[in-house]
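J.: Coordinates in upload.pdb, PDB, C-alpha atoms, are listed below.
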```pdb
ATOM      1  CA  MET W   1     -13.413  75.085 -40.804  1.00  0.00           C
ATOM      2  CA  LYS W   2     -12.429  78.721 -41.506  1.00  0.00           C
ATOM      3  CA  ILE W   3     -11.600  80.052 -44.962  1.00  0.00           C
ATOM      4  CA  TYR W   4      -9.904  83.423 -45.506  1.00  0.00           C
ATOM      5  CA  ILE W   5     -10.714  85.137 -48.810  1.00  0.00           C
ATOM      6  CA  SER W   6      -8.014  87.366 -50.291  1.00  0.00           C
ATOM      7  CA  GLY W   7      -8.028  89.400 -53.467  1.00  0.00           C
ATOM      8  CA  PHE W   8     -10.782  91.998 -53.436  1.00  0.00           C
ATOM      9  CA  SER W   9      -9.171  95.355 -54.028  1.00  0.00           C
ATOM     10  CA  GLU W  10     -12.324  97.432 -54.497  1.00  0.00           C
ATOM     11  CA  TYR W  11     -15.032  96.186 -52.138  1.00  0.00           C
ATOM     12  CA  ASP W  12     -17.951  98.069 -53.689  1.00  0.00           C
ATOM     13  CA  LYS W  13     -17.089  97.016 -57.246  1.00  0.00           C
ATOM     14  CA  HIS W  14     -17.201  93.332 -56.300  1.00  0.00           C
ATOM     15  CA  LYS W  15     -20.038  93.394 -53.799  1.00  0.00           C
ATOM     16  CA  ASN W  16     -22.236  90.924 -55.718  1.00  0.00           C
ATOM     17  CA  ALA W  17     -19.328  88.568 -56.400  1.00  0.00           C
ATOM     18  CA  ILE W  18     -18.403  88.641 -52.716  1.00  0.00           C
ATOM     19  CA  GLU W  19     -21.910  87.621 -51.656  1.00  0.00           C
ATOM     20  CA  VAL W  20     -22.054  84.785 -54.224  1.00  0.00           C
ATOM     21  CA  LEU W  21     -18.658  83.476 -53.114  1.00  0.00           C
ATOM     22  CA  LYS W  22     -19.508  83.750 -49.409  1.00  0.00           C
ATOM     23  CA  ASN W  23     -22.753  81.836 -49.949  1.00  0.00           C
ATOM     24  CA  LYS W  24     -20.937  79.083 -51.891  1.00  0.00           C
ATOM     25  CA  MET W  25     -18.384  78.743 -49.106  1.00  0.00           C
ATOM     26  CA  TYR W  26     -21.099  78.637 -46.431  1.00  0.00           C
ATOM     27  CA  ASP W  27     -22.887  75.915 -48.422  1.00  0.00           C
ATOM     28  CA  LEU W  28     -19.633  73.920 -48.476  1.00  0.00           C
ATOM     29  CA  GLY W  29     -19.424  74.183 -44.675  1.00  0.00           C
ATOM     30  CA  PHE W  30     -16.828  76.942 -44.343  1.00  0.00           C
ATOM     31  CA  GLU W  31     -16.908  79.829 -41.921  1.00  0.00           C
ATOM     32  CA  VAL W  32     -15.902  82.744 -44.164  1.00  0.00           C
ATOM     33  CA  VAL W  33     -13.419  85.372 -43.002  1.00  0.00           C
ATOM     34  CA  MET W  34     -13.020  88.393 -45.291  1.00  0.00           C
ATOM     35  CA  GLU W  35     -10.384  91.089 -45.616  1.00  0.00           C
ATOM     36  CA  THR W  36     -11.262  94.175 -43.588  1.00  0.00           C
ATOM     37  CA  GLY W  37      -8.566  96.578 -44.748  1.00  0.00           C
ATOM     38  CA  ASN W  38      -7.047  96.593 -41.257  1.00  0.00           C
ATOM     39  CA  HIS W  39      -3.702  94.841 -41.745  1.00  0.00           C
ATOM     40  CA  LEU W  40      -3.375  93.530 -38.187  1.00  0.00           C
ATOM     41  CA  VAL W  41      -6.932  92.187 -38.081  1.00  0.00           C
ATOM     42  CA  ASP W  42      -6.504  90.632 -41.552  1.00  0.00           C
ATOM     43  CA  PHE W  43      -3.171  89.041 -40.575  1.00  0.00           C
ATOM     44  CA  LEU W  44      -4.697  87.451 -37.473  1.00  0.00           C
ATOM     45  CA  ALA W  45      -7.696  86.225 -39.473  1.00  0.00           C
ATOM     46  CA  LEU W  46      -5.402  84.701 -42.099  1.00  0.00           C
ATOM     47  CA  VAL W  47      -3.246  82.961 -39.496  1.00  0.00           C
ATOM     48  CA  GLN W  48      -6.330  81.540 -37.730  1.00  0.00           C
ATOM     49  CA  ALA W  49      -7.952  80.311 -40.957  1.00  0.00           C
ATOM     50  CA  ASP W  50      -7.574  76.714 -42.092  1.00  0.00           C
ATOM     51  CA  VAL W  51      -7.633  77.569 -45.799  1.00  0.00           C
ATOM     52  CA  ALA W  52      -6.880  80.677 -47.866  1.00  0.00           C
ATOM     53  CA  TYR W  53      -8.801  81.381 -51.063  1.00  0.00           C
ATOM     54  CA  PHE W  54      -7.266  83.758 -53.613  1.00  0.00           C
ATOM     55  CA  ILE W  55      -9.562  85.587 -56.038  1.00  0.00           C
ATOM     56  CA  ASP W  56      -8.592  85.916 -59.710  1.00  0.00           C
ATOM     57  CA  GLY W  57      -6.196  88.864 -60.080  1.00  0.00           C
ATOM     58  CA  TRP W  58      -4.746  88.533 -56.581  1.00  0.00           C
ATOM     59  CA  PHE W  59      -1.167  88.544 -57.876  1.00  0.00           C
ATOM     60  CA  GLU W  60      -1.430  92.189 -58.918  1.00  0.00           C
ATOM     61  CA  ILE W  61      -2.288  93.304 -55.367  1.00  0.00           C
ATOM     62  CA  ARG W  62       0.748  93.648 -53.077  1.00  0.00           C
ATOM     63  CA  ARG W  63      -1.224  92.796 -49.912  1.00  0.00           C
ATOM     64  CA  CYS W  64      -2.432  89.559 -51.532  1.00  0.00           C
ATOM     65  CA  ARG W  65       1.100  88.543 -52.518  1.00  0.00           C
ATOM     66  CA  MET W  66       2.031  89.053 -48.867  1.00  0.00           C
ATOM     67  CA  ASP W  67      -0.936  86.890 -47.805  1.00  0.00           C
ATOM     68  CA  PHE W  68       0.223  84.205 -50.237  1.00  0.00           C
ATOM     69  CA  ALA W  69       3.777  84.269 -48.832  1.00  0.00           C
ATOM     70  CA  ILE W  70       2.401  83.912 -45.292  1.00  0.00           C
ATOM     71  CA  CYS W  71       0.354  80.899 -46.414  1.00  0.00           C
ATOM     72  CA  VAL W  72       3.356  79.253 -48.053  1.00  0.00           C
ATOM     73  CA  ASP W  73       5.575  79.917 -45.007  1.00  0.00           C
ATOM     74  CA  SER W  74       2.990  78.497 -42.618  1.00  0.00           C
ATOM     75  CA  ASP W  75       2.140  75.565 -44.903  1.00  0.00           C
ATOM     76  CA  LYS W  76      -1.510  76.652 -45.040  1.00  0.00           C
ATOM     77  CA  ASN W  77      -3.847  75.094 -47.606  1.00  0.00           C
ATOM     78  CA  ILE W  78      -4.302  77.418 -50.588  1.00  0.00           C
ATOM     79  CA  ILE W  79      -7.112  77.526 -53.141  1.00  0.00           C
ATOM     80  CA  ILE W  80      -6.675  79.777 -56.165  1.00  0.00           C
ATOM     81  CA  GLN W  81      -9.787  80.738 -58.100  1.00  0.00           C
ATOM     82  CA  LYS W  82      -8.033  80.595 -61.487  1.00  0.00           C
ATOM     83  CA  PRO W  83      -4.743  78.717 -61.092  1.00  0.00           C
ATOM     84  CA  LEU W  84      -2.006  79.648 -63.537  1.00  0.00           C
ATOM     85  CA  PRO W  85       1.437  78.042 -63.938  1.00  0.00           C
ATOM     86  CA  MET W  86       2.929  81.412 -62.961  1.00  0.00           C
ATOM     87  CA  TYR W  87       1.543  80.995 -59.436  1.00  0.00           C
ATOM     88  CA  ASP W  88       3.539  77.781 -58.946  1.00  0.00           C
ATOM     89  CA  ASP W  89       6.631  79.618 -60.167  1.00  0.00           C
ATOM     90  CA  TYR W  90       5.881  82.451 -57.745  1.00  0.00           C
ATOM     91  CA  ARG W  91       5.647  79.955 -54.877  1.00  0.00           C
ATOM     92  CA  LYS W  92       9.126  78.664 -55.787  1.00  0.00           C
ATOM     93  CA  THR W  93      10.585  82.178 -55.527  1.00  0.00           C
ATOM     94  CA  ILE W  94       9.344  83.204 -52.079  1.00  0.00           C
ATOM     95  CA  ASN W  95      12.568  82.175 -50.298  1.00  0.00           C
ATOM     96  CA  LEU W  96      14.583  83.778 -53.089  1.00  0.00           C
ATOM     97  CA  GLN W  97      12.722  87.056 -52.574  1.00  0.00           C
ATOM     98  CA  LYS W  98      13.529  87.024 -48.853  1.00  0.00           C
ATOM     99  CA  VAL W  99      17.208  86.227 -49.381  1.00  0.00           C
ATOM    100  CA  LEU W 100      17.588  88.897 -52.063  1.00  0.00           C
ATOM    101  CA  TYR W 101      16.022  91.416 -49.708  1.00  0.00           C
ATOM    102  CA  GLU W 102      18.479  90.427 -46.945  1.00  0.00           C
ATOM    103  CA  ILE W 103      21.437  90.781 -49.317  1.00  0.00           C
ATOM    104  CA  THR W 104      20.477  93.847 -51.359  1.00  0.00           C
ATOM    105  CA  GLY W 105      17.724  95.580 -49.395  1.00  0.00           C
ATOM    106  CA  VAL W 106      15.540  95.475 -52.514  1.00  0.00           C
ATOM    107  CA  SER W 107      11.988  94.167 -52.095  1.00  0.00           C
ATOM    108  CA  PHE W 108      10.137  92.045 -54.645  1.00  0.00           C
ATOM    109  CA  ASP W 109       7.797  94.973 -55.323  1.00  0.00           C
ATOM    110  CA  GLU W 110      10.841  97.077 -56.223  1.00  0.00           C
ATOM    111  CA  ILE W 111      12.140  94.292 -58.485  1.00  0.00           C
ATOM    112  CA  ARG W 112       8.751  94.356 -60.285  1.00  0.00           C
ATOM    113  CA  SER W 113       8.726  98.150 -60.527  1.00  0.00           C
ATOM    114  CA  PRO W 114       9.458  99.988 -63.782  1.00  0.00           C
ATOM    115  CA  SER W 115      12.447 101.725 -62.182  1.00  0.00           C
ATOM    116  CA  ARG W 116      15.830 101.292 -63.858  1.00  0.00           C
ATOM    117  CA  LYS W 117      17.926 102.337 -60.852  1.00  0.00           C
ATOM    118  CA  GLN W 118      21.195 100.434 -60.706  1.00  0.00           C
ATOM    119  CA  GLU W 119      20.549  98.655 -57.391  1.00  0.00           C
ATOM    120  CA  LEU W 120      17.122  97.524 -58.604  1.00  0.00           C
ATOM    121  CA  PHE W 121      18.538  96.346 -61.915  1.00  0.00           C
ATOM    122  CA  TYR W 122      21.246  94.351 -60.117  1.00  0.00           C
ATOM    123  CA  ALA W 123      18.673  92.699 -57.814  1.00  0.00           C
ATOM    124  CA  ARG W 124      16.397  92.013 -60.815  1.00  0.00           C
ATOM    125  CA  THR W 125      19.350  90.481 -62.684  1.00  0.00           C
ATOM    126  CA  LEU W 126      20.228  88.193 -59.756  1.00  0.00           C
ATOM    127  CA  PHE W 127      16.577  87.194 -59.446  1.00  0.00           C
ATOM    128  CA  ALA W 128      16.316  86.368 -63.161  1.00  0.00           C
ATOM    129  CA  TRP W 129      19.609  84.453 -63.159  1.00  0.00           C
ATOM    130  CA  TYR W 130      18.654  82.353 -60.133  1.00  0.00           C
ATOM    131  CA  CYS W 131      15.166  81.611 -61.466  1.00  0.00           C
ATOM    132  CA  HIS W 132      16.496  80.577 -64.869  1.00  0.00           C
ATOM    133  CA  ASN W 133      19.640  78.665 -63.891  1.00  0.00           C
ATOM    134  CA  VAL W 134      18.742  77.150 -60.531  1.00  0.00           C
ATOM    135  CA  LEU W 135      14.939  76.940 -60.477  1.00  0.00           C
ATOM    136  CA  LYS W 136      14.880  76.101 -64.229  1.00  0.00           C
ATOM    137  CA  MET W 137      12.056  78.517 -64.963  1.00  0.00           C
ATOM    138  CA  LYS W 138      11.157  79.639 -68.476  1.00  0.00           C
ATOM    139  CA  LEU W 139      12.090  83.154 -69.560  1.00  0.00           C
ATOM    140  CA  SER W 140       8.425  84.022 -70.133  1.00  0.00           C
ATOM    141  CA  SER W 141       7.512  82.899 -66.586  1.00  0.00           C
ATOM    142  CA  ILE W 142      10.308  84.956 -65.077  1.00  0.00           C
ATOM    143  CA  GLY W 143       9.163  87.905 -67.153  1.00  0.00           C
ATOM    144  CA  GLN W 144       5.602  87.586 -65.852  1.00  0.00           C
ATOM    145  CA  LEU W 145       6.851  87.519 -62.272  1.00  0.00           C
ATOM    146  CA  ILE W 146       8.996  90.642 -62.614  1.00  0.00           C
ATOM    147  CA  ASN W 147       6.566  92.517 -64.847  1.00  0.00           C
ATOM    148  CA  ARG W 148       8.768  92.336 -67.960  1.00  0.00           C
ATOM    149  CA  ASP W 149       8.739  90.437 -71.237  1.00  0.00           C
ATOM    150  CA  HIS W 150      11.031  87.500 -71.988  1.00  0.00           C
ATOM    151  CA  SER W 151      13.434  89.594 -74.094  1.00  0.00           C
ATOM    152  CA  THR W 152      14.156  91.808 -71.074  1.00  0.00           C
ATOM    153  CA  VAL W 153      14.901  88.675 -69.069  1.00  0.00           C
ATOM    154  CA  CYS W 154      17.324  87.591 -71.831  1.00  0.00           C
ATOM    155  CA  CYS W 155      19.010  90.974 -71.533  1.00  0.00           C
ATOM    156  CA  CYS W 156      19.292  90.526 -67.747  1.00  0.00           C
ATOM    157  CA  LEU W 157      20.913  87.116 -68.193  1.00  0.00           C
ATOM    158  CA  LYS W 158      23.408  88.504 -70.710  1.00  0.00           C
ATOM    159  CA  LYS W 159      24.192  91.415 -68.396  1.00  0.00           C
ATOM    160  CA  TYR W 160      24.640  88.963 -65.505  1.00  0.00           C
ATOM    161  CA  HIS W 161      27.658  87.380 -67.212  1.00  0.00           C
ATOM    162  CA  GLU W 162      29.116  90.786 -68.037  1.00  0.00           C
ATOM    163  CA  LEU W 163      28.738  91.926 -64.424  1.00  0.00           C
ATOM    164  CA  MET W 164      30.284  88.719 -63.055  1.00  0.00           C
ATOM    165  CA  ASP W 165      33.330  89.217 -65.320  1.00  0.00           C
ATOM    166  CA  ALA W 166      33.664  92.955 -64.656  1.00  0.00           C
ATOM    167  CA  LYS W 167      36.547  93.894 -62.374  1.00  0.00           C
ATOM    168  CA  ASN W 168      34.845  97.170 -61.409  1.00  0.00           C
ATOM    169  CA  GLU W 169      31.708  95.431 -60.021  1.00  0.00           C
ATOM    170  CA  PRO W 170      32.965  93.373 -57.040  1.00  0.00           C
ATOM    171  CA  ASP W 171      29.730  93.921 -55.094  1.00  0.00           C
ATOM    172  CA  PHE W 172      27.665  92.173 -57.762  1.00  0.00           C
ATOM    173  CA  SER W 173      29.744  88.976 -57.722  1.00  0.00           C
ATOM    174  CA  MET W 174      29.910  89.077 -53.921  1.00  0.00           C
ATOM    175  CA  ASN W 175      26.095  89.367 -53.762  1.00  0.00           C
ATOM    176  CA  GLN W 176      25.770  86.442 -56.178  1.00  0.00           C
ATOM    177  CA  GLN W 177      28.009  84.298 -53.967  1.00  0.00           C
ATOM    178  CA  ARG W 178      26.055  85.266 -50.858  1.00  0.00           C
ATOM    179  CA  LEU W 179      22.812  84.490 -52.679  1.00  0.00           C
ATOM    180  CA  ALA W 180      24.005  81.013 -53.672  1.00  0.00           C
ATOM    181  CA  GLU W 181      25.286  80.274 -50.145  1.00  0.00           C
ATOM    182  CA  MET W 182      22.144  81.478 -48.387  1.00  0.00           C
ATOM    183  CA  MET W 183      19.809  79.650 -50.772  1.00  0.00           C
ATOM    184  CA  ASN W 184      21.786  76.415 -50.334  1.00  0.00           C
ATOM    185  CA  ARG W 185      21.206  76.662 -46.571  1.00  0.00           C
ATOM    186  CA  ARG W 186      17.421  76.951 -46.947  1.00  0.00           C
TER
END
```
Could you take the file, read its structure, and then write that structure out as structure tokens?

T.:
Amino acid sequence: MKIYISGFSEYDKHKNAIEVLKNKMYDLGFEVVMETGNHLVDFLALVQADVAYFIDGWFEIRRCRMDFAICVDSDKNIIIQKPLPMYDDYRKTINLQKVLYEITGVSFDEIRSPSRKQELFYARTLFAWYCHNVLKMKLSSIGQLINRDHSTVCCCLKKYHELMDAKNEPDFSMNQQRLAEMMNRR
């Protein structure tokens, strides 16, 4: 059985931890496949693995979030070194991230960014609204996902209602309708 290990961002810094983990996995009967830094090779290794193991801190590394999304999409078994409730919430939002990208052209990494550009704010607001009202997530969990605190999420939710009522923002309400329709189909 093959296990793919994701989450080491600085190979040299974690060299000892890598060896300990590899030895534990070998002892458990796994054939260990590690990240190489070559995206195509890593993608193929991940797809061929039976299980994916995510090292503590993986969520902060874009490549690892992509690995996680691939695992969820392909229904691959996932082991997380230090599971947090936020990771379950993140799993719930993977389809939402894809739909928002289709509608707005804004990626999840851009939603998490510190930028306050209008199109990013609108996508962030739709994300927060959907997570809170449809997925029933807590404000603090949403905040962790988008790299904000819960009070910023509250502000997004308040602004959502203002934007939906605004006559000069037809694109926002149209995007919200498209979001609801596309998510209902999935």

J.: Please report, as AutoDock Vina command-line options, the centre and edge lengths in Å to one decimal of an axis-aligned box covering all listed atoms of region 120-136 of chain W with 8 Å per side.

T.:
```
--center_x 18.1 --center_y 86.8 --center_z -61.3 --size_x 22.4 --size_y 37.4 --size_z 23.1
```

J.: Each residue of region 90-137 of chain W with at least one atom at most 12 Å from region 62-84 of chain W should appear once, together with its nearest atom pair and the corresponding distance in Å (one decimal); atoms considered: only C-alpha atoms; ordering: chain, then increasing residue number; output as a Markdown table.

T.:
```
| residue | atom | partner | partner_atom | distance |
| --- | --- | --- | --- | --- |
| W:Tyr90 | CA | W:Ala69 | CA | 9.3 |
| W:Arg91 | CA | W:Val72 | CA | 7.2 |
| W:Lys92 | CA | W:Val72 | CA | 9.7 |
| W:Thr93 | CA | W:Ala69 | CA | 9.8 |
| W:Ile94 | CA | W:Ala69 | CA | 6.5 |
| W:Asn95 | CA | W:Asp73 | CA | 9.1 |
| W:Leu96 | CA | W:Ala69 | CA | 11.6 |
| W:Gln97 | CA | W:Ala69 | CA | 10.1 |
| W:Lys98 | CA | W:Ala69 | CA | 10.1 |
| W:Ser107 | CA | W:Arg62 | CA | 11.3 |
| W:Phe108 | CA | W:Arg62 | CA | 9.7 |
| W:Asp109 | CA | W:Arg62 | CA | 7.5 |
| W:Glu110 | CA | W:Arg62 | CA | 11.1 |
| W:Arg112 | CA | W:Arg62 | CA | 10.8 |
| W:Ser113 | CA | W:Arg62 | CA | 11.8 |
```

J.: Show which residues sit within 7 Å of Lys2 (chain W), as a list in words. Count only C-alpha atoms, and ignore same-chain residues fewer than 2 positions away.

T.: Tyr4, Phe30, Glu31, Val32, Val33, Ala49, Asp50 and Val51 of chain W

J.: Between W:Arg185, W:Asn147, W:Tyr122, W:Thr36, which has the minimum distance to Glu162 (chain W) (counting all atoms listed in the file)?

T.: W:Tyr122

J.: Pick from W:Leu126, W:Ile142, W:Ile111, W:Leu179: nearest to Lys159 (chain W), with all atoms listed in the file counted?

T.: W:Leu126

J.: Please indicate the distance in Å from CA of Phe127 (chain W) to CA of Ile146 (chain W), rounded to one decimal place.

T.: 8.9 Å

J.: Using only C-alpha atoms, which protein or nucleic acid residues come within 10 Å of Gly105 (chain W)? Drop anything in the same chain fewer than 5 positions from it, and give the result as a PDB file with C-alpha atoms, in the frame of the given file.

T.:
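around.pdb written:
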```
ATOM      1  CA  LYS W  98      13.529  87.024 -48.853  1.00  0.00           C
ATOM      2  CA  VAL W  99      17.208  86.227 -49.381  1.00  0.00           C
ATOM      3  CA  LEU W 100      17.588  88.897 -52.063  1.00  0.00           C
ATOM      4  CA  GLU W 110      10.841  97.077 -56.223  1.00  0.00           C
ATOM      5  CA  GLU W 119      20.549  98.655 -57.391  1.00  0.00           C
ATOM      6  CA  LEU W 120      17.122  97.524 -58.604  1.00  0.00           C
ATOM      7  CA  ALA W 123      18.673  92.699 -57.814  1.00  0.00           C
TER       8      ALA W 123
END
```

J.: By how many Å are CA of Gln176 (chain W) and CA of Tyr130 (chain W) apart?

T.: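 A separation of 9.1 Å between them.
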
J.: In Å to one decimal, how far is CA of Lys138 (chain W) from CA of Ala52 (chain W)?

T.: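 Calculated distance between CA of Ala52 (chain W) and CA of Lys138 (chain W) is 27.4 Å.
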
J.: So, with all atoms listed in the file as the atoms that count, which of W:Trp58, W:Trp129, W:Phe8, W:Tyr87 lies closest to His161 (chain W)?

T.: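 Smallest distance to His161 (chain W) is found for W:Trp129.
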
J.: So which one's closest to Cys131 (chain W), W:Asp165, W:Asp89, W:Asp56, W:Asp149? Using all atoms listed in the file, please.

T.: W:Asp89

J.: Between W:Asn38, W:Gln48, W:Gln118, W:Asn23, which residue has the minimum interatomic distance to Ile3 (chain W), considering all atoms listed in the file?

T.: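 Smallest distance to Ile3 (chain W) is found for W:Gln48.
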
J.: Between W:Asn175, W:Asn184, W:Thr104, W:Thr125, which has the minimum distance to Arg148 (chain W) (counting only C-alpha atoms)?

T.: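 Result for the nearest residue to Arg148 (chain W): W:Thr125.
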